[in-house]
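For reference, the structure discussed in these notes is given below.
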Amino acid sequence: MSDTAHGVGGLTFDAKKRSVPTELNVFLALILIVVIFEILGWWMVDNSFLFNTSDRIDTLFNIQRIKIMILQFSIIGIIAIGVTQVIIMGGIDLSSGSVLGAVAMVTMSFAQASEVNGNPNPRALFLEQGWVDLPVLVPIMVGLSAGALAGFINGFLIAVTRIPPFIATLGMLLSARGVALWWSNGNPLSFPTESYKIIGAGMMPVYIFLFIAVLFGLIMKYTVYGKHTYAIGSNEQSARMSGIKVERHKILVYTIAGILAGLAAIVLSSKQETAQTGMGVMYELDAIAMAVIGGVSLSGGRGSVLGATIGMLILGVILSGFIFLRLDAYYQEIVKGAIIVGAVVLDQWRQQRAMAR
Amino acid sequence: MKRILLATGLAALMGTSALAENIGVSMARFDDNFLTVLRNGMEETAASMDGVELQIEDARDDVARQLDQINNFIASGVDAIIINAVDTSATEAMSSAAESAGVPLVYVNREPINVDTLPDNQAFVASNEIESGTLAAFEACQLLRAAGLGGGARGYMLMGQLSNQAAVARSQDVRDILGIAMCDFIELVDEQTANWSRDEAQNLMTNWISSGEPFNVVFANNDEMAIGAIQALKAAGISMDDVVVTGVDATQDALVAMQAGELDVTVFQDANGQGSGALKAALSLAAGEDVDQKVYIPFILVTPDNVGDFLSAN
């Protein structure tokens, strides 16, 4: 009974019990939040949140604001897609922010230009070795591999030593931040090559995010990889008994989460044209928040990449909305916390109702 | 003659190396650009001296952790302690812990609340935060006047972490300057925190730009946020000649941005000087010598005119 209500493998068989998909509810919440900001905007600052009110530009919507709402969380969104898969599998990844910091440092040290404004690059770590002006593929490969390594270590520890994911990734949270500090002795690394700057320029982070989201959205829905991930998250024992190689699959999912954290590091360091040891602090919590707001269940087995994507948009709308209303950051944190808790409470309540029917 | 001098010099060096000095250092955080330069300045100075051992700990912005580190330093018998305080209002406990153990103590970079009542073997080496924001804001005010905006200008302010004394002081400096008669033509449209971070500042600035409010100046509490604002302005196609951007710190990244004509004003804070100054004060105190208890190292205004002098400074 409880299995069908949860949906084995994320699939629900009884149409009556799941009439409205979670994603639609989350999407309606997004619309509601936008409408609230629109009303508050006219009331508090006498301006429109969503629509263009300037005479200088000839568009219906405030395109600039819509762009930044999507852009500002898209890099954490890339992490969130990895974290979503981990949570659907019944795990958790606390390390993604620190892994981003470490990978950004390592990657940037291979992406540096030899000269800045005609002077030798003062931030280049490997200037003496001559490892500057390298082709852009080198830092990209270094970054993805470093991310994969961190994710593999997470997965290996969890699958083989069977320590809880919380502990394994907490360890990685600390160690990876240590690597970020140690790599260049705490110094920031700046001034990458022109070709490296393109990766995160303009709306590129959004395009990269969309590509990754669509890719993993399809993979989670239509491939064996996705079905196994949902199956392990729903019931690890029965997944094992039905022949799924649970350990191997766990290592794979955590490694993919690591690669995505590495990708986020590349995009962020390119966008900022710098890598700093404090980069990505608390990103893991934003990533988890996106997944949870988007209806991904922390007990595993339920949720989707689409939901996490809408969760990302909700965080973006809230941030832009509060800046638009000229309210301080404190209020934003308070509301963000309330929305995360509210999302889970609503979800629980809906589930219980579905079970009772 | 030269050789004799050299020989005496060497003898003097050897003389000091006989007694190795152990100095415990507790930094507020390791991942801050400016504090990293300061920390490296201390390490380089120590490496250039014989027989000085530094043990540097990261308090990770946690007052309790910092006090624990100090007590651990005292327990392991260090000759002196250098503290870059996490919270400048929580320094009384640190001073009294060191005082009761008889260990000399030097505060660096951040001014402790008990700076006027420090015990004899404690000192303070830093710059006066009131200068930094004031210098930057006043220069911006003059630039705007020179650009013919004396009749009215609008600006935004990017603030550091609101729990941080430097962020509070620098923001207040800007407000104070905008309050004086010569500069009260500048109106702040909004002020928000971007937590010292380039990324957050870039997002915040883009959000502000999307409001469509006209503005002429952006005051940032540090250079990282100023660069973030510049990146947002450039991405929005706003000419850097039309907006005055100010920062504080004179980091390498900021000076390069200034050379490129993007950053207009920053303020040099001598991280290296503060680090080596604190170390020297600690060594003198450990040797029982008298030192000035309050050493202020001045801030210096950096504009495109004198940017060349600072390129290799921080």
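Ligands are numbered from 1 in the order shown, chains are lettered A, B, ... in the order of the structure tokens, and residues start at 1 in each chain.
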Where does chain A meet chain B within 8 Å, residue by residue, with the nearest atom pair and distance in Å to one decimal for each, counting only C-alpha atoms, listed by chain and rising number, as a tab-separated table?
```
residue	atom	partner	partner_atom	distance
A:Ser54	CA	B:Gly212	CA	7.0
A:Asn62	CA	B:Ser210	CA	7.3
A:Gln64	CA	B:Ser210	CA	5.2
A:Arg65	CA	B:Ser210	CA	5.0
A:Ile68	CA	B:Asn207	CA	6.6
A:Gln72	CA	B:Asn203	CA	6.0
A:Val116	CA	B:Val256	CA	7.5
A:Asn117	CA	B:Val256	CA	7.3
A:Pro122	CA	B:Gln252	CA	7.3
A:Leu181	CA	B:Asp31	CA	6.9
A:Gly186	CA	B:Asp31	CA	6.0
A:Asn187	CA	B:Thr36	CA	6.4
A:Pro188	CA	B:Asn33	CA	6.7
A:Ser190	CA	B:Asp253	CA	7.1
A:Gly202	CA	B:Ala235	CA	6.7
A:Gln272	CA	B:Asp199	CA	6.6
A:Gln276	CA	B:Asp31	CA	7.4
A:Thr277	CA	B:Asp31	CA	5.3
A:Gly278	CA	B:Asp31	CA	5.2
A:Ser320	CA	B:Asn207	CA	6.1
A:Ile323	CA	B:Asn207	CA	6.8
A:Phe324	CA	B:Ser211	CA	6.8
A:Arg326	CA	B:Asp190	CA	6.6
A:Asp328	CA	B:Gln192	CA	6.3
A:Ala329	CA	B:Thr193	CA	7.0
```
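Neighbours of Gly307 of chain A closer than or equal to 8 Å, with only C-alpha atoms counted and sequence neighbours fewer than 6 positions away skipped, come out as Thr22, Glu23, Val26, Ala291, Ile293, Gly294, Gly295 and Val296 of chain A.
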Based on the selection just made, write N, CA and C atoms of those residues as an mmCIF file, in the first residue's frame.
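Written file, part09.cif:
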```
data_model
loop_
_atom_site.group_PDB
_atom_site.id
_atom_site.type_symbol
_atom_site.label_atom_id
_atom_site.label_comp_id
_atom_site.auth_asym_id
_atom_site.auth_seq_id
_atom_site.Cartn_x
_atom_site.Cartn_y
_atom_site.Cartn_z
ATOM 1 N N THR A 22 3.516 17.077 -8.674
ATOM 2 C CA THR A 22 4.133 18.044 -7.765
ATOM 3 C C THR A 22 4.641 19.257 -8.519
ATOM 4 N N GLU A 23 5.254 19.004 -9.694
ATOM 5 C CA GLU A 23 5.886 20.093 -10.437
ATOM 6 C C GLU A 23 4.880 21.195 -10.766
ATOM 7 N N VAL A 26 4.360 23.326 -7.749
ATOM 8 C CA VAL A 26 5.503 24.207 -7.515
ATOM 9 C C VAL A 26 5.481 25.360 -8.507
ATOM 10 N N ALA A 291 16.145 21.821 -4.631
ATOM 11 C CA ALA A 291 15.564 20.494 -4.831
ATOM 12 C C ALA A 291 14.334 20.320 -3.950
ATOM 13 N N ILE A 293 12.405 22.620 -2.435
ATOM 14 C CA ILE A 293 11.292 23.483 -2.850
ATOM 15 C C ILE A 293 10.621 22.891 -4.090
ATOM 16 N N GLY A 294 11.425 22.298 -4.956
ATOM 17 C CA GLY A 294 10.892 21.714 -6.184
ATOM 18 C C GLY A 294 10.219 20.372 -5.989
ATOM 19 N N GLY A 295 10.064 19.923 -4.756
ATOM 20 C CA GLY A 295 9.306 18.706 -4.496
ATOM 21 C C GLY A 295 10.124 17.429 -4.447
ATOM 22 N N VAL A 296 11.450 17.556 -4.366
ATOM 23 C CA VAL A 296 12.278 16.361 -4.231
ATOM 24 C C VAL A 296 12.245 15.933 -2.768
#
```
Hey, what does DSSP flag as helix (DSSP H, G or I) within segment 1-243 of chain A? Can you give it to me as JSON, numbers by chain?
-> {"A": [2, 3, 4, 5, 6, 8, 9, 10, 15, 16, 17, 18, 22, 23, 24, 25, 26, 27, 28, 29, 30, 31, 32, 33, 34, 35, 36, 37, 38, 39, 40, 41, 42, 43, 44, 63, 64, 65, 66, 67, 68, 69, 70, 71, 74, 75, 76, 77, 78, 79, 80, 81, 82, 83, 84, 85, 86, 87, 88, 96, 97, 98, 99, 100, 101, 102, 103, 104, 105, 106, 107, 108, 109, 137, 138, 139, 140, 141, 142, 143, 144, 145, 146, 147, 148, 149, 150, 151, 152, 153, 154, 155, 156, 157, 158, 159, 160, 161, 165, 166, 167, 168, 169, 170, 171, 172, 173, 174, 175, 176, 177, 178, 179, 180, 181, 182, 183, 194, 195, 196, 197, 198, 199, 200, 204, 205, 206, 207, 208, 209, 210, 211, 212, 213, 214, 215, 216, 217, 218, 219, 220, 221, 222, 224, 225, 226, 227, 228, 229, 230, 231, 232, 233, 234, 236, 237, 238, 239, 240, 241]}
Please give the complete set of residues from segment 22-265 of chain B that DSSP, run on the backbone, assigns to strand (DSSP E), formatted as a VMD selection string.
-> chain B and resid 22 to 27 52 to 58 80 to 83 105 to 108 122 to 126 153 to 159 186 to 193 217 to 220 244 to 246
Excluding Ala180 of chain A and any residue of its chain fewer than 2 positions from it, enumerate the residues within 9 Å of it, using only C-alpha atoms, and give them as a ChimeraX atom specification.
-> /A:98-99,101-106,175-178,182-186,276-279
Put those residues in a file: C-alpha atoms, as an mmCIF file, in the first residue's frame.
```cif
data_model
loop_
_atom_site.group_PDB
_atom_site.id
_atom_site.type_symbol
_atom_site.label_atom_id
_atom_site.label_comp_id
_atom_site.auth_asym_id
_atom_site.auth_seq_id
_atom_site.Cartn_x
_atom_site.Cartn_y
_atom_site.Cartn_z
ATOM 1 C CA SER A 98 33.391 23.223 -1.120
ATOM 2 C CA VAL A 99 34.108 21.021 -4.127
ATOM 3 C CA GLY A 101 35.679 26.151 -4.351
ATOM 4 C CA ALA A 102 38.508 23.621 -4.659
ATOM 5 C CA VAL A 103 37.873 22.868 -8.331
ATOM 6 C CA ALA A 104 37.668 26.582 -9.153
ATOM 7 C CA MET A 105 41.130 27.139 -7.653
ATOM 8 C CA VAL A 106 42.698 24.135 -9.372
ATOM 9 C CA SER A 175 38.653 18.651 3.158
ATOM 10 C CA ALA A 176 37.780 20.261 -0.170
ATOM 11 C CA ARG A 177 37.706 23.704 1.448
ATOM 12 C CA GLY A 178 41.134 22.891 2.867
ATOM 13 C CA TRP A 182 46.117 25.167 0.363
ATOM 14 C CA TRP A 183 46.312 25.226 -3.441
ATOM 15 C CA SER A 184 47.495 28.825 -3.740
ATOM 16 C CA ASN A 185 48.133 29.572 -0.085
ATOM 17 C CA GLY A 186 44.865 31.478 0.142
ATOM 18 C CA GLN A 276 38.913 32.558 -4.649
ATOM 19 C CA THR A 277 39.200 30.211 -1.717
ATOM 20 C CA GLY A 278 35.858 31.305 -0.264
ATOM 21 C CA MET A 279 33.932 30.594 -3.453
#
```
Exercise: segment 275-289 of chain B partners within 9 Å, only C-alpha atoms, chain neighbours under 5 positions left out, as a PyMOL selection string = chain B and resi 21+23+37-46+52+79-82+103-109+121-126+270+295
How would the residues just picked look written out with C-alpha atoms as a tab-separated table (two decimals), in the first residue's frame?
```
chain	number	residue	atom	x	y	z
B	21	GLU	CA	60.79	32.70	19.21
B	23	ILE	CA	54.63	33.27	17.81
B	37	VAL	CA	48.11	39.37	1.90
B	38	LEU	CA	48.53	40.39	5.52
B	39	ARG	CA	49.14	36.77	6.56
B	40	ASN	CA	51.64	36.26	3.76
B	41	GLY	CA	53.38	39.50	4.77
B	42	MET	CA	53.79	38.12	8.26
B	43	GLU	CA	55.06	34.77	7.00
B	44	GLU	CA	57.56	36.37	4.63
B	45	THR	CA	58.88	38.64	7.37
B	46	ALA	CA	59.22	35.65	9.69
B	52	VAL	CA	61.15	32.97	14.38
B	79	ASP	CA	56.44	33.70	23.31
B	80	ALA	CA	53.83	36.08	21.90
B	81	ILE	CA	50.39	36.04	20.29
B	82	ILE	CA	49.09	38.01	17.30
B	103	VAL	CA	52.14	36.41	27.29
B	104	PRO	CA	52.56	39.51	25.07
B	105	LEU	CA	49.70	40.12	22.69
B	106	VAL	CA	49.39	42.19	19.49
B	107	TYR	CA	46.11	42.98	17.73
B	108	VAL	CA	46.44	43.45	14.00
B	109	ASN	CA	44.21	45.09	11.37
B	121	ASN	CA	52.67	44.13	27.10
B	122	GLN	CA	49.90	44.40	24.51
B	123	ALA	CA	49.74	46.52	21.36
B	124	PHE	CA	47.66	47.29	18.30
B	125	VAL	CA	48.79	47.71	14.68
B	126	ALA	CA	46.27	48.69	12.00
B	270	ASP	CA	49.09	48.39	3.67
B	295	VAL	CA	50.45	52.05	15.67
```
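Using only C-alpha atoms, the nearest neighbour of Gly280 of chain A within the list A:Thr84, A:Asn25, A:Thr59, A:Ser95 is A:Ser95.
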Compile the contact shell of Leu149 of chain A as an NGL selection string: residues with an atom at most 10 Å away, counting only C-alpha atoms, same-chain residues fewer than 3 positions apart removed.
-> :A and (99 or 143-146 or 152-155 or 254-256 or 258-259 or 262)
Spatial neighbours of Gln161 of chain B, max dist 12 Å, only C-alpha atoms, sep filter under 5 positions, as a ChimeraX atom specification = /A:329-330 /B:61,166-171,192-197,200-201,220-222,225
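Of the listed residues A:Ile31, A:Leu24, A:Val214, A:Val206, the one whose atoms come nearest to Ile314 of chain A is A:Ile31, with distances taken using only C-alpha atoms.
When atom CA of Val341 of chain A is paired with atom CA of Ile39 of chain A, their separation reads 24.1 Å.
Residues in contact range of segment 175-178 of chain B, defined as at most 7 Å between only C-alpha atoms, with sequence neighbours fewer than 4 positions away removed, read Thr134, Ala137, Phe138, Ser171, Cys183, Asp184 and Ile186 of chain B.
Shortest atom-to-atom contact with Ile70 of chain B among B:Leu188, B:Ala20, B:Val267, B:Ala101: B:Ala101, counting only C-alpha atoms.
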